[in-house]
$ cat entry-v3.txt   # compact mmCIF, C-alpha atoms
# COMPACT_ATOMS: atom_id res chain seq x y z
CA MET A 1 -37.69 -31.74 -25.01
CA GLU A 2 -36.71 -28.29 -26.15
CA ARG A 3 -37.42 -27.69 -29.79
CA THR A 4 -35.61 -25.23 -31.97
CA ALA A 5 -37.42 -22.27 -33.47
CA VAL A 6 -38.55 -22.72 -37.04
CA ARG A 7 -39.04 -19.20 -38.30
CA GLY A 8 -41.25 -17.76 -40.94
CA ARG A 9 -44.84 -17.84 -42.05
CA LEU A 10 -46.67 -20.99 -42.91
CA ASN A 11 -46.77 -21.57 -46.63
CA TRP A 12 -49.67 -23.22 -48.40
CA LEU A 13 -48.62 -26.53 -49.90
CA VAL A 14 -50.38 -28.61 -52.54
CA ALA A 15 -51.15 -32.19 -51.52
CA GLU A 16 -52.61 -35.03 -53.51
CA VAL A 17 -55.36 -37.30 -52.24
CA VAL A 18 -53.97 -40.85 -52.39
CA ASP A 19 -56.68 -42.69 -50.43
CA LEU A 20 -60.07 -42.16 -48.83
CA ILE A 21 -61.16 -44.36 -45.91
CA ASP A 22 -64.75 -44.57 -44.66
CA GLU A 23 -64.56 -44.49 -40.85
CA THR A 24 -68.30 -44.21 -40.18
CA GLY A 25 -71.28 -43.11 -42.27
CA THR A 26 -70.37 -39.46 -41.82
CA VAL A 27 -66.62 -39.58 -41.14
CA LYS A 28 -63.83 -40.14 -43.63
CA SER A 29 -60.07 -40.26 -43.36
CA ILE A 30 -58.28 -38.47 -46.18
CA VAL A 31 -54.79 -39.74 -46.92
CA LEU A 32 -52.63 -37.05 -48.48
CA ASP A 33 -49.23 -37.08 -50.11
CA CYS A 34 -47.68 -33.69 -49.51
CA PRO A 35 -44.26 -33.00 -51.06
CA ASP A 36 -42.01 -30.84 -48.82
CA TRP A 37 -44.12 -31.65 -45.76
CA PRO A 38 -42.14 -30.91 -42.55
CA LEU A 39 -42.37 -33.90 -40.22
CA HIS A 40 -45.29 -33.35 -37.82
CA LEU A 41 -45.86 -34.44 -34.21
CA PRO A 42 -48.85 -36.34 -32.81
CA GLY A 43 -51.48 -33.83 -31.63
CA GLN A 44 -50.74 -31.18 -34.26
CA HIS A 45 -53.25 -29.92 -36.80
CA VAL A 46 -53.35 -28.55 -40.34
CA ASP A 47 -55.36 -25.88 -42.10
CA ILE A 48 -57.06 -27.02 -45.30
CA ARG A 49 -58.13 -24.42 -47.86
CA LEU A 50 -60.61 -24.79 -50.68
CA THR A 51 -60.83 -22.30 -53.53
CA ALA A 52 -63.95 -22.00 -55.68
CA GLU A 53 -63.80 -21.19 -59.39
CA ASP A 54 -64.78 -17.58 -58.65
CA GLY A 55 -61.86 -17.25 -56.24
CA TYR A 56 -63.87 -17.57 -53.03
CA GLN A 57 -61.85 -19.34 -50.36
CA ALA A 58 -62.81 -21.23 -47.22
CA GLN A 59 -60.45 -22.84 -44.75
CA ARG A 60 -60.78 -25.10 -41.73
CA SER A 61 -58.47 -26.72 -39.18
CA TYR A 62 -58.26 -30.51 -38.90
CA SER A 63 -56.27 -32.65 -36.52
CA ILE A 64 -53.65 -34.94 -38.02
CA ALA A 65 -54.51 -38.59 -37.44
CA ASN A 66 -51.28 -40.35 -38.39
CA PRO A 67 -47.93 -40.45 -36.61
CA PRO A 68 -45.02 -38.76 -38.39
CA ALA A 69 -44.48 -40.59 -41.68
CA GLY A 70 -42.48 -38.66 -44.25
CA GLU A 71 -44.73 -36.78 -46.63
CA LYS A 72 -47.89 -38.67 -45.66
CA VAL A 73 -50.58 -36.69 -43.84
CA VAL A 74 -53.90 -38.21 -42.77
CA VAL A 75 -56.82 -36.10 -41.58
CA THR A 76 -60.10 -37.52 -40.32
CA VAL A 77 -63.05 -35.30 -41.19
CA GLU A 78 -66.55 -35.40 -39.73
CA LEU A 79 -69.45 -34.18 -41.86
CA VAL A 80 -71.09 -31.01 -40.56
CA ASP A 81 -74.49 -30.95 -42.28
CA ASP A 82 -74.73 -27.24 -42.96
CA GLY A 83 -70.96 -26.81 -43.17
CA GLU A 84 -69.00 -25.20 -45.95
CA VAL A 85 -65.89 -27.34 -46.23
CA SER A 86 -66.67 -30.76 -44.76
CA PRO A 87 -69.52 -31.62 -47.22
CA TYR A 88 -67.04 -31.18 -50.06
CA LEU A 89 -64.28 -33.16 -48.33
CA ILE A 90 -66.68 -35.99 -47.45
CA GLY A 91 -68.88 -36.04 -50.51
CA GLU A 92 -66.95 -34.72 -53.49
CA LEU A 93 -63.23 -35.23 -52.95
CA ALA A 94 -61.76 -38.10 -55.00
CA VAL A 95 -58.45 -39.93 -55.13
CA GLY A 96 -56.09 -37.99 -57.40
CA ASP A 97 -57.55 -34.59 -56.47
CA GLN A 98 -55.29 -31.88 -55.13
CA ILE A 99 -56.02 -29.69 -52.11
CA GLU A 100 -54.10 -26.96 -50.34
CA LEU A 101 -52.90 -27.32 -46.79
CA ARG A 102 -50.53 -25.59 -44.39
CA GLY A 103 -48.92 -26.79 -41.21
CA PRO A 104 -48.09 -28.57 -39.07
CA ILE A 105 -49.54 -26.26 -36.39
CA GLY A 106 -49.37 -26.64 -32.62
CA GLY A 107 -46.71 -27.25 -29.99
CA TYR A 108 -48.75 -27.39 -26.78
CA PHE A 109 -51.22 -30.21 -27.34
CA VAL A 110 -48.48 -32.57 -28.51
CA TRP A 111 -47.15 -35.87 -27.24
CA THR A 112 -44.55 -38.33 -28.46
CA PRO A 113 -43.41 -41.51 -26.68
CA GLU A 114 -40.18 -39.64 -25.80
CA HIS A 115 -42.25 -37.39 -23.50
CA GLY A 116 -42.92 -40.43 -21.29
CA GLY A 117 -45.91 -41.06 -19.08
CA PRO A 118 -48.06 -42.48 -17.79
CA VAL A 119 -50.53 -40.85 -20.15
CA GLN A 120 -54.25 -40.33 -19.76
CA LEU A 121 -56.21 -39.64 -22.95
CA VAL A 122 -59.89 -38.65 -22.90
CA ALA A 123 -61.78 -38.19 -26.17
CA GLY A 124 -65.26 -36.94 -27.00
CA GLY A 125 -66.49 -37.84 -30.50
CA SER A 126 -64.00 -36.87 -33.20
CA GLY A 127 -61.78 -35.45 -30.45
CA LEU A 128 -60.28 -38.92 -30.71
CA VAL A 129 -58.40 -37.95 -33.90
CA PRO A 130 -55.32 -36.21 -32.43
CA LEU A 131 -55.23 -38.74 -29.57
CA MET A 132 -55.21 -41.55 -32.16
CA ALA A 133 -52.09 -40.03 -33.70
CA MET A 134 -50.50 -40.34 -30.24
CA ILE A 135 -51.66 -43.96 -29.85
CA ARG A 136 -50.42 -44.88 -33.33
CA ALA A 137 -47.05 -43.29 -32.48
CA LEU A 138 -47.02 -45.38 -29.29
CA ALA A 139 -47.71 -48.53 -31.30
CA GLU A 140 -44.72 -47.81 -33.56
CA SER A 141 -42.38 -47.00 -30.68
CA ASP A 142 -40.00 -49.19 -28.70
CA ARG A 143 -40.82 -47.14 -25.62
CA ARG A 144 -43.53 -48.96 -23.72
CA VAL A 145 -45.13 -45.91 -22.13
CA PRO A 146 -48.31 -46.88 -20.26
CA VAL A 147 -51.30 -45.15 -21.86
CA ARG A 148 -54.99 -45.21 -20.92
CA LEU A 149 -57.74 -43.94 -23.20
CA LEU A 150 -61.34 -43.21 -22.32
CA THR A 151 -63.33 -42.50 -25.45
CA SER A 152 -66.93 -41.35 -25.69
CA ALA A 153 -69.21 -41.66 -28.73
CA ARG A 154 -72.95 -41.48 -29.26
CA SER A 155 -73.25 -45.04 -30.59
CA ARG A 156 -71.12 -47.90 -31.87
CA GLU A 157 -71.88 -46.76 -35.42
CA THR A 158 -70.34 -43.35 -34.73
CA LEU A 159 -67.27 -44.64 -32.86
CA ILE A 160 -64.29 -43.99 -35.10
CA TYR A 161 -61.23 -46.29 -35.28
CA GLY A 162 -63.15 -48.99 -33.32
CA ASP A 163 -61.56 -52.03 -35.00
CA GLU A 164 -58.06 -50.59 -34.88
CA LEU A 165 -58.40 -49.70 -31.19
CA ARG A 166 -59.53 -53.24 -30.38
CA ARG A 167 -56.58 -54.64 -32.31
CA LEU A 168 -54.07 -52.32 -30.65
CA GLN A 169 -55.52 -52.98 -27.22
CA SER A 170 -54.96 -56.71 -27.59
CA SER A 171 -51.48 -56.38 -29.11
CA LEU A 172 -50.11 -53.67 -26.76
CA ASP A 173 -50.03 -54.56 -23.08
CA ASN A 174 -49.22 -50.91 -22.24
CA LEU A 175 -52.48 -49.61 -23.75
CA GLU A 176 -55.84 -49.76 -21.97
CA VAL A 177 -59.01 -48.52 -23.65
CA ALA A 178 -62.38 -47.84 -22.01
CA TYR A 179 -65.50 -46.88 -23.96
CA THR A 180 -68.75 -45.15 -23.27
CA LEU A 181 -71.68 -44.91 -25.68
CA THR A 182 -73.97 -42.09 -24.60
CA ARG A 183 -77.10 -42.52 -26.74
CA ALA A 184 -77.44 -46.05 -28.09
CA GLN A 185 -75.75 -49.26 -27.06
CA PRO A 186 -75.73 -52.67 -28.78
CA ALA A 187 -77.39 -55.56 -26.88
CA ASP A 188 -74.05 -57.13 -25.92
CA TRP A 189 -72.46 -53.82 -24.85
CA GLN A 190 -69.85 -54.20 -22.09
CA GLY A 191 -68.75 -50.58 -21.75
CA TYR A 192 -70.29 -47.55 -20.08
CA SER A 193 -73.63 -46.13 -21.24
CA ARG A 194 -73.61 -42.54 -20.04
CA ARG A 195 -71.79 -39.26 -20.44
CA VAL A 196 -68.32 -39.09 -18.93
CA ASP A 197 -68.53 -38.17 -15.26
CA GLN A 198 -66.24 -38.10 -12.24
CA GLN A 199 -66.96 -41.67 -11.20
CA MET A 200 -66.19 -42.98 -14.69
CA LEU A 201 -62.93 -41.03 -14.76
CA ALA A 202 -62.03 -42.36 -11.31
CA GLU A 203 -62.65 -45.93 -12.48
CA THR A 204 -60.86 -45.74 -15.81
CA SER A 205 -58.03 -43.25 -15.47
CA TRP A 206 -54.69 -43.13 -13.68
CA PRO A 207 -54.89 -42.04 -10.06
CA ALA A 208 -53.58 -38.54 -9.43
CA THR A 209 -50.71 -40.02 -7.39
CA GLU A 210 -49.28 -41.45 -10.65
CA ARG A 211 -49.01 -37.87 -11.98
CA PRO A 212 -50.11 -38.74 -15.51
CA LEU A 213 -49.83 -36.40 -18.46
CA GLY A 214 -53.41 -35.72 -19.52
CA PHE A 215 -54.74 -34.90 -22.98
CA VAL A 216 -58.44 -34.13 -23.34
CA CYS A 217 -60.00 -33.37 -26.73
CA GLY A 218 -63.59 -32.91 -27.79
CA PRO A 219 -66.40 -30.39 -27.98
CA THR A 220 -66.09 -27.44 -25.58
CA GLY A 221 -68.66 -28.66 -23.03
CA PHE A 222 -67.14 -32.14 -22.94
CA VAL A 223 -63.62 -30.79 -22.39
CA GLU A 224 -64.77 -28.43 -19.63
CA THR A 225 -66.52 -31.26 -17.77
CA VAL A 226 -63.66 -33.72 -18.07
CA ALA A 227 -60.95 -31.22 -17.13
CA ALA A 228 -62.92 -30.01 -14.10
CA ASN A 229 -63.52 -33.59 -12.94
CA LEU A 230 -59.86 -34.54 -13.34
CA VAL A 231 -58.86 -31.55 -11.21
CA ALA A 232 -61.51 -32.53 -8.64
CA LEU A 233 -59.90 -35.99 -8.55
CA GLY A 234 -56.63 -34.35 -7.53
CA HIS A 235 -54.86 -34.01 -10.86
CA ASP A 236 -52.56 -31.06 -11.42
CA ALA A 237 -54.32 -28.69 -13.85
CA ALA A 238 -50.98 -27.80 -15.41
CA ARG A 239 -50.49 -31.45 -16.46
CA ILE A 240 -53.88 -31.67 -18.19
CA LYS A 241 -53.73 -30.26 -21.70
CA THR A 242 -56.97 -29.60 -23.48
CA GLU A 243 -58.03 -28.99 -27.05
CA ARG A 244 -61.56 -27.82 -27.70
CA PHE A 245 -63.25 -27.79 -31.02
CA GLY A 246 -66.33 -25.79 -31.69
CA PRO A 247 -68.75 -24.93 -34.46
CA SER A 248 -66.35 -23.46 -36.99
CA GLY A 249 -68.88 -23.83 -39.77
CA GLY A 250 -67.47 -27.27 -40.60
CA MET B 1 -76.54 -19.67 -25.21
CA THR B 2 -73.76 -22.11 -24.57
CA ASP B 3 -70.26 -20.81 -24.06
CA MET B 4 -68.46 -22.20 -27.12
CA HIS B 5 -64.98 -20.89 -26.48
CA LEU B 6 -61.96 -22.71 -27.81
CA ASP B 7 -58.36 -22.56 -26.62
CA GLY B 8 -55.12 -21.07 -27.83
CA ASN B 9 -54.41 -24.11 -29.99
CA ALA B 10 -57.06 -22.83 -32.38
CA LEU B 11 -54.95 -19.73 -33.08
CA GLY B 12 -51.74 -21.64 -33.74
CA ALA B 13 -51.55 -20.54 -37.38
CA LEU B 14 -52.28 -16.91 -36.49
CA PHE B 15 -49.45 -16.93 -33.94
CA ILE B 16 -47.03 -18.34 -36.51
CA ASP B 17 -48.02 -15.55 -38.91
CA LEU B 18 -47.58 -12.96 -36.15
CA PHE B 19 -44.49 -14.13 -34.34
CA GLY B 20 -42.81 -16.22 -37.02
CA GLN B 21 -42.73 -19.33 -34.86
CA GLU B 22 -44.90 -21.87 -33.06
CA MET B 23 -46.25 -20.15 -29.94
CA THR B 24 -48.80 -22.47 -28.33
CA ASP B 25 -46.14 -23.97 -26.03
CA GLN B 26 -44.57 -20.59 -25.22
CA ASN B 27 -45.52 -18.61 -22.11
CA GLY B 28 -47.17 -15.25 -21.76
CA CYS B 29 -47.87 -13.25 -18.59
CA CYS B 30 -51.27 -11.62 -18.06
CA ASP B 31 -50.83 -7.96 -17.15
CA ALA B 32 -54.09 -7.92 -15.21
CA CYS B 33 -53.52 -10.83 -12.81
CA GLY B 34 -49.89 -11.84 -13.34
CA ALA B 35 -50.72 -15.44 -14.27
CA VAL B 36 -48.21 -17.16 -16.56
CA ASN B 37 -49.66 -19.64 -19.04
CA PRO B 38 -48.69 -21.19 -22.36
CA PHE B 39 -50.56 -19.62 -25.27
CA GLY B 40 -52.20 -22.99 -25.96
CA ARG B 41 -54.00 -22.78 -22.62
CA ALA B 42 -55.59 -19.39 -23.27
CA VAL B 43 -59.34 -19.06 -23.77
CA VAL B 44 -60.25 -18.15 -27.34
CA TYR B 45 -63.47 -16.79 -28.79
CA ARG B 46 -63.75 -16.93 -32.56
CA ASP B 47 -67.38 -15.93 -32.97
CA ALA B 48 -66.71 -12.27 -32.19
CA PRO B 49 -65.86 -10.06 -35.18
CA GLY B 50 -62.32 -11.41 -35.15
CA ASP B 51 -60.45 -13.63 -32.72
CA VAL B 52 -60.28 -12.78 -29.02
CA MET B 53 -57.78 -14.45 -26.71
CA ARG B 54 -58.35 -14.17 -22.97
CA CYS B 55 -56.37 -15.08 -19.86
CA PRO B 56 -57.47 -18.55 -18.67
CA ASP B 57 -57.19 -17.41 -15.04
CA CYS B 58 -58.84 -13.98 -14.90
CA GLY B 59 -60.49 -13.53 -18.30
CA ALA B 60 -58.65 -10.33 -19.23
CA VAL B 61 -58.36 -9.75 -22.98
CA LEU B 62 -54.82 -10.56 -24.09
CA ILE B 63 -54.99 -10.29 -27.89
CA VAL B 64 -57.63 -9.29 -30.43
CA ALA B 65 -57.00 -10.10 -34.09
CA VAL B 66 -59.22 -8.95 -36.93
CA ARG B 67 -58.69 -9.90 -40.56
CA THR B 68 -59.69 -7.73 -43.47
CA GLU B 69 -59.25 -8.73 -47.10
CA THR B 70 -55.66 -7.59 -47.21
CA ARG B 71 -54.62 -6.98 -43.62
CA LEU B 72 -54.40 -8.62 -40.25
CA ARG B 73 -54.87 -6.06 -37.47
CA VAL B 74 -53.68 -7.22 -34.08
CA SER B 75 -54.34 -5.46 -30.80
CA ILE B 76 -52.02 -6.63 -28.04
CA GLN B 77 -53.79 -5.83 -24.80
CA SER B 78 -53.23 -7.29 -21.34
CA LEU B 79 -49.89 -9.02 -22.00
CA ARG B 80 -47.04 -8.05 -19.66
CA TRP B 81 -44.53 -10.22 -21.50
CA ILE B 82 -44.22 -13.16 -23.83
CA GLU B 83 -41.44 -15.62 -24.42
CA VAL B 84 -40.21 -16.85 -27.79
CA LEU B 85 -37.59 -19.43 -28.71
CA GLU B 86 -34.22 -17.96 -29.66

$ encode --input "entry-v3.txt" --output "structure tokens"
Amino acid sequence: MERTAVRGRLNWLVAEVVDLIDETGTVKSIVLDCPDWPLHLPGQHVDIRLTAEDGYQAQRSYSIANPPAGEKVVVTVELVDDGEVSPYLIGELAVGDQIELRGPIGGYFVWTPEHGGPVQLVAGGSGLVPLMAMIRALAESDRRVPVRLLTSARSRETLIYGDELRRLQSSLDNLEVAYTLTRAQPADWQGYSRRVDQQMLAETSWPATERPLGFVCGPTGFVETVAANLVALGHDAARIKTERFGPSGG
Amino acid sequence: MTDMHLDGNALGALFIDLFGQEMTDQNGCCDACGAVNPFGRAVVYRDAPGDVMRCPDCGAVLIVAVRTETRLRVSIQSLRWIEVLE
């Protein structure tokens, strides 16, 4: 799908917080109403800017968690203990507050059901956020593109969107979800219990002969490992898109 | 020390400021090795004094961007060509 060029700089927009959702103990989804928001695509991100009373500004990038929905923008934010922005967003922000954001940003790490498939998604920790926007877009679409997700978290308590993924997995026969918990597993755990490796990818993902579109998102080390293993399994590197997130000061 | 590089997606907003349009899905050609890759696939280091974008194939420095309080200074280095949408 060729897009048309939208020219100009990104302007900062003022959005209002309309809901806050606790995802885990240290992760919240912030639901924003942003007048004049250009419709975004699953996989894109926004910049959020905070301004202190003395004029000091700090900004961070966050992936958009919801599929395109008018002026509604949802970001899912993980608390970085010694961070500068996330402690405010997680601990202080209240419904009715206003924050500044600009976007949507990104045209490479983007997927809509119109792009087709099959699709292989691999998430490490909060790398699941942009992939969830893709899955939610899939759930709203008439196109029954086959999608597989492998998602890695440290424990069940830190797995975001767990209930929604279970619900979607049982209602969509074109979505398969595999889980691994790397540090702690509940007694009745049925999924994997180790870091993502080549064997796990071979067991849970599309074979290279299906030529899936791959999207891998997570911390840098996770993305490197997964992308290298997918290539070793015969996947075309050009069809595996990656998005790394690092220590941006949170 | 772990290598904590990111990718070109992280500079999406910078590219829009620079080129006036979304660039992460547009191609650029590395002048050092000739590889053609979308900007989103480039290797990006943000912990230098400024942002450094390198070729994902050979590691040559493609773009360095440094922000001051009032200016954005951009050094275009090993880029033979780039494409933009018309």

$ closest_residue --input "entry-v3.txt" --among "B:Arg67, B:Ile16, B:Arg54, B:Gly40" --to "Thr242 of chain A" --atoms "only C-alpha atoms"
B:Gly40

$ interface_residues --input "entry-v3.txt" --of "chain B" --to "chain A" --cutoff "10 Å" --atoms "all atoms listed in the file" --output "VMD selection string"
chain B and resid 2 to 26 37 to 41 43 to 47 84 to 86

$ residues_around --input "entry-v3.txt" --residues "segment 201-218 of chain A" --least-positions-apart "5" --cutoff "9 Å" --atoms "only C-alpha atoms" --output "mmCIF file with C-alpha atoms, in the frame of the given file"
data_model
loop_
_atom_site.group_PDB
_atom_site.id
_atom_site.type_symbol
_atom_site.label_atom_id
_atom_site.label_comp_id
_atom_site.auth_asym_id
_atom_site.auth_seq_id
_atom_site.Cartn_x
_atom_site.Cartn_y
_atom_site.Cartn_z
ATOM 1 C CA PHE A 109 -51.220 -30.210 -27.340
ATOM 2 C CA VAL A 110 -48.480 -32.570 -28.510
ATOM 3 C CA TRP A 111 -47.150 -35.870 -27.240
ATOM 4 C CA GLY A 116 -42.920 -40.430 -21.290
ATOM 5 C CA GLY A 117 -45.910 -41.060 -19.080
ATOM 6 C CA PRO A 118 -48.060 -42.480 -17.790
ATOM 7 C CA VAL A 119 -50.530 -40.850 -20.150
ATOM 8 C CA GLN A 120 -54.250 -40.330 -19.760
ATOM 9 C CA LEU A 121 -56.210 -39.640 -22.950
ATOM 10 C CA VAL A 122 -59.890 -38.650 -22.900
ATOM 11 C CA ALA A 123 -61.780 -38.190 -26.170
ATOM 12 C CA GLY A 124 -65.260 -36.940 -27.000
ATOM 13 C CA GLY A 125 -66.490 -37.840 -30.500
ATOM 14 C CA SER A 126 -64.000 -36.870 -33.200
ATOM 15 C CA GLY A 127 -61.780 -35.450 -30.450
ATOM 16 C CA LEU A 128 -60.280 -38.920 -30.710
ATOM 17 C CA VAL A 129 -58.400 -37.950 -33.900
ATOM 18 C CA PRO A 130 -55.320 -36.210 -32.430
ATOM 19 C CA LEU A 131 -55.230 -38.740 -29.570
ATOM 20 C CA ARG A 148 -54.990 -45.210 -20.920
ATOM 21 C CA LEU A 149 -57.740 -43.940 -23.200
ATOM 22 C CA LEU A 150 -61.340 -43.210 -22.320
ATOM 23 C CA GLU A 176 -55.840 -49.760 -21.970
ATOM 24 C CA VAL A 177 -59.010 -48.520 -23.650
ATOM 25 C CA ALA A 178 -62.380 -47.840 -22.010
ATOM 26 C CA VAL A 196 -68.320 -39.090 -18.930
ATOM 27 C CA VAL A 223 -63.620 -30.790 -22.390
ATOM 28 C CA VAL A 226 -63.660 -33.720 -18.070
ATOM 29 C CA ALA A 227 -60.950 -31.220 -17.130
ATOM 30 C CA ASN A 229 -63.520 -33.590 -12.940
ATOM 31 C CA LEU A 230 -59.860 -34.540 -13.340
ATOM 32 C CA VAL A 231 -58.860 -31.550 -11.210
ATOM 33 C CA LEU A 233 -59.900 -35.990 -8.550
ATOM 34 C CA GLY A 234 -56.630 -34.350 -7.530
ATOM 35 C CA HIS A 235 -54.860 -34.010 -10.860
ATOM 36 C CA ASP A 236 -52.560 -31.060 -11.420
ATOM 37 C CA ARG A 239 -50.490 -31.450 -16.460
ATOM 38 C CA ILE A 240 -53.880 -31.670 -18.190
ATOM 39 C CA LYS A 241 -53.730 -30.260 -21.700
ATOM 40 C CA THR A 242 -56.970 -29.600 -23.480
ATOM 41 C CA GLU A 243 -58.030 -28.990 -27.050
ATOM 42 C CA ARG A 244 -61.560 -27.820 -27.700
ATOM 43 C CA PHE A 245 -63.250 -27.790 -31.020
ATOM 44 C CA GLY A 246 -66.330 -25.790 -31.690
#

$ atom_distance --input "entry-v3.txt" --atom1 "atom CA of Val75 of chain A" --atom2 "atom CA of Ala42 of chain B"
24.8 Å

$ residues_around --input "entry-v3.txt" --residues "Val73 of chain A" --least-positions-apart "3" --cutoff "9 Å" --atoms "all atoms listed in the file" --output "number ranges by chain"
A: 15, 30-34, 37, 40, 64-70

$ atom_distance --input "entry-v3.txt" --atom1 "atom CA of Leu159 of chain A" --atom2 "atom CA of Val27 of chain A"
9.7 Å

$ closest_residue --input "entry-v3.txt" --among "B:Arg71, B:Gly28, B:Ile76, B:Cys33" --to "Gly59 of chain B" --atoms "all atoms listed in the file"
B:Cys33

$ residues_around --input "entry-v3.txt" --residues "Leu79 of chain A" --least-positions-apart "4" --cutoff "10 Å" --atoms "all atoms listed in the file" --output "list in words"
Gly25, Thr26, Val27, Lys28, Gly83, Glu84, Val85, Ser86, Pro87, Tyr88, Leu89, Ile90, Gly91 and Gly250 of chain A

$ atom_distance --input "entry-v3.txt" --atom1 "atom CA of Tyr192 of chain A" --atom2 "atom CA of Ser155 of chain A"
11.2 Å

$ closest_residue --input "entry-v3.txt" --among "A:Thr158, A:Thr180, A:Ser141, A:Ser170" --to "His115 of chain A" --atoms "only C-alpha atoms"
A:Ser141

$ closest_residue --input "entry-v3.txt" --among "A:Tyr56, A:Trp12, A:Tyr179, A:Tyr161" --to "Glu69 of chain B" --atoms "all atoms listed in the file"
A:Tyr56

$ closest_residue --input "entry-v3.txt" --among "B:Thr70, B:Asn27, B:Gly34, B:Ser75" --to "Val52 of chain B" --atoms "only C-alpha atoms"
B:Ser75

$ closest_residue --input "entry-v3.txt" --among "B:Cys58, B:Ala65, B:Met53, B:Ala48" --to "Ala32 of chain B" --atoms "all atoms listed in the file"
B:Cys58

$ axis_aligned_box --input "entry-v3.txt" --around "segment 44-60 of chain B" --padding-each-side "4 Å" --output "JSON"
{"center_x": -61.9, "center_y": -14.3, "center_z": -25.0, "size_x": 19.0, "size_y": 16.5, "size_z": 28.3}

$ residues_around --input "entry-v3.txt" --residues "Ile48 of chain A" --least-positions-apart "6" --cutoff "6 Å" --atoms "only C-alpha atoms" --output "ChimeraX atom specification"
/A:59-60,100-101
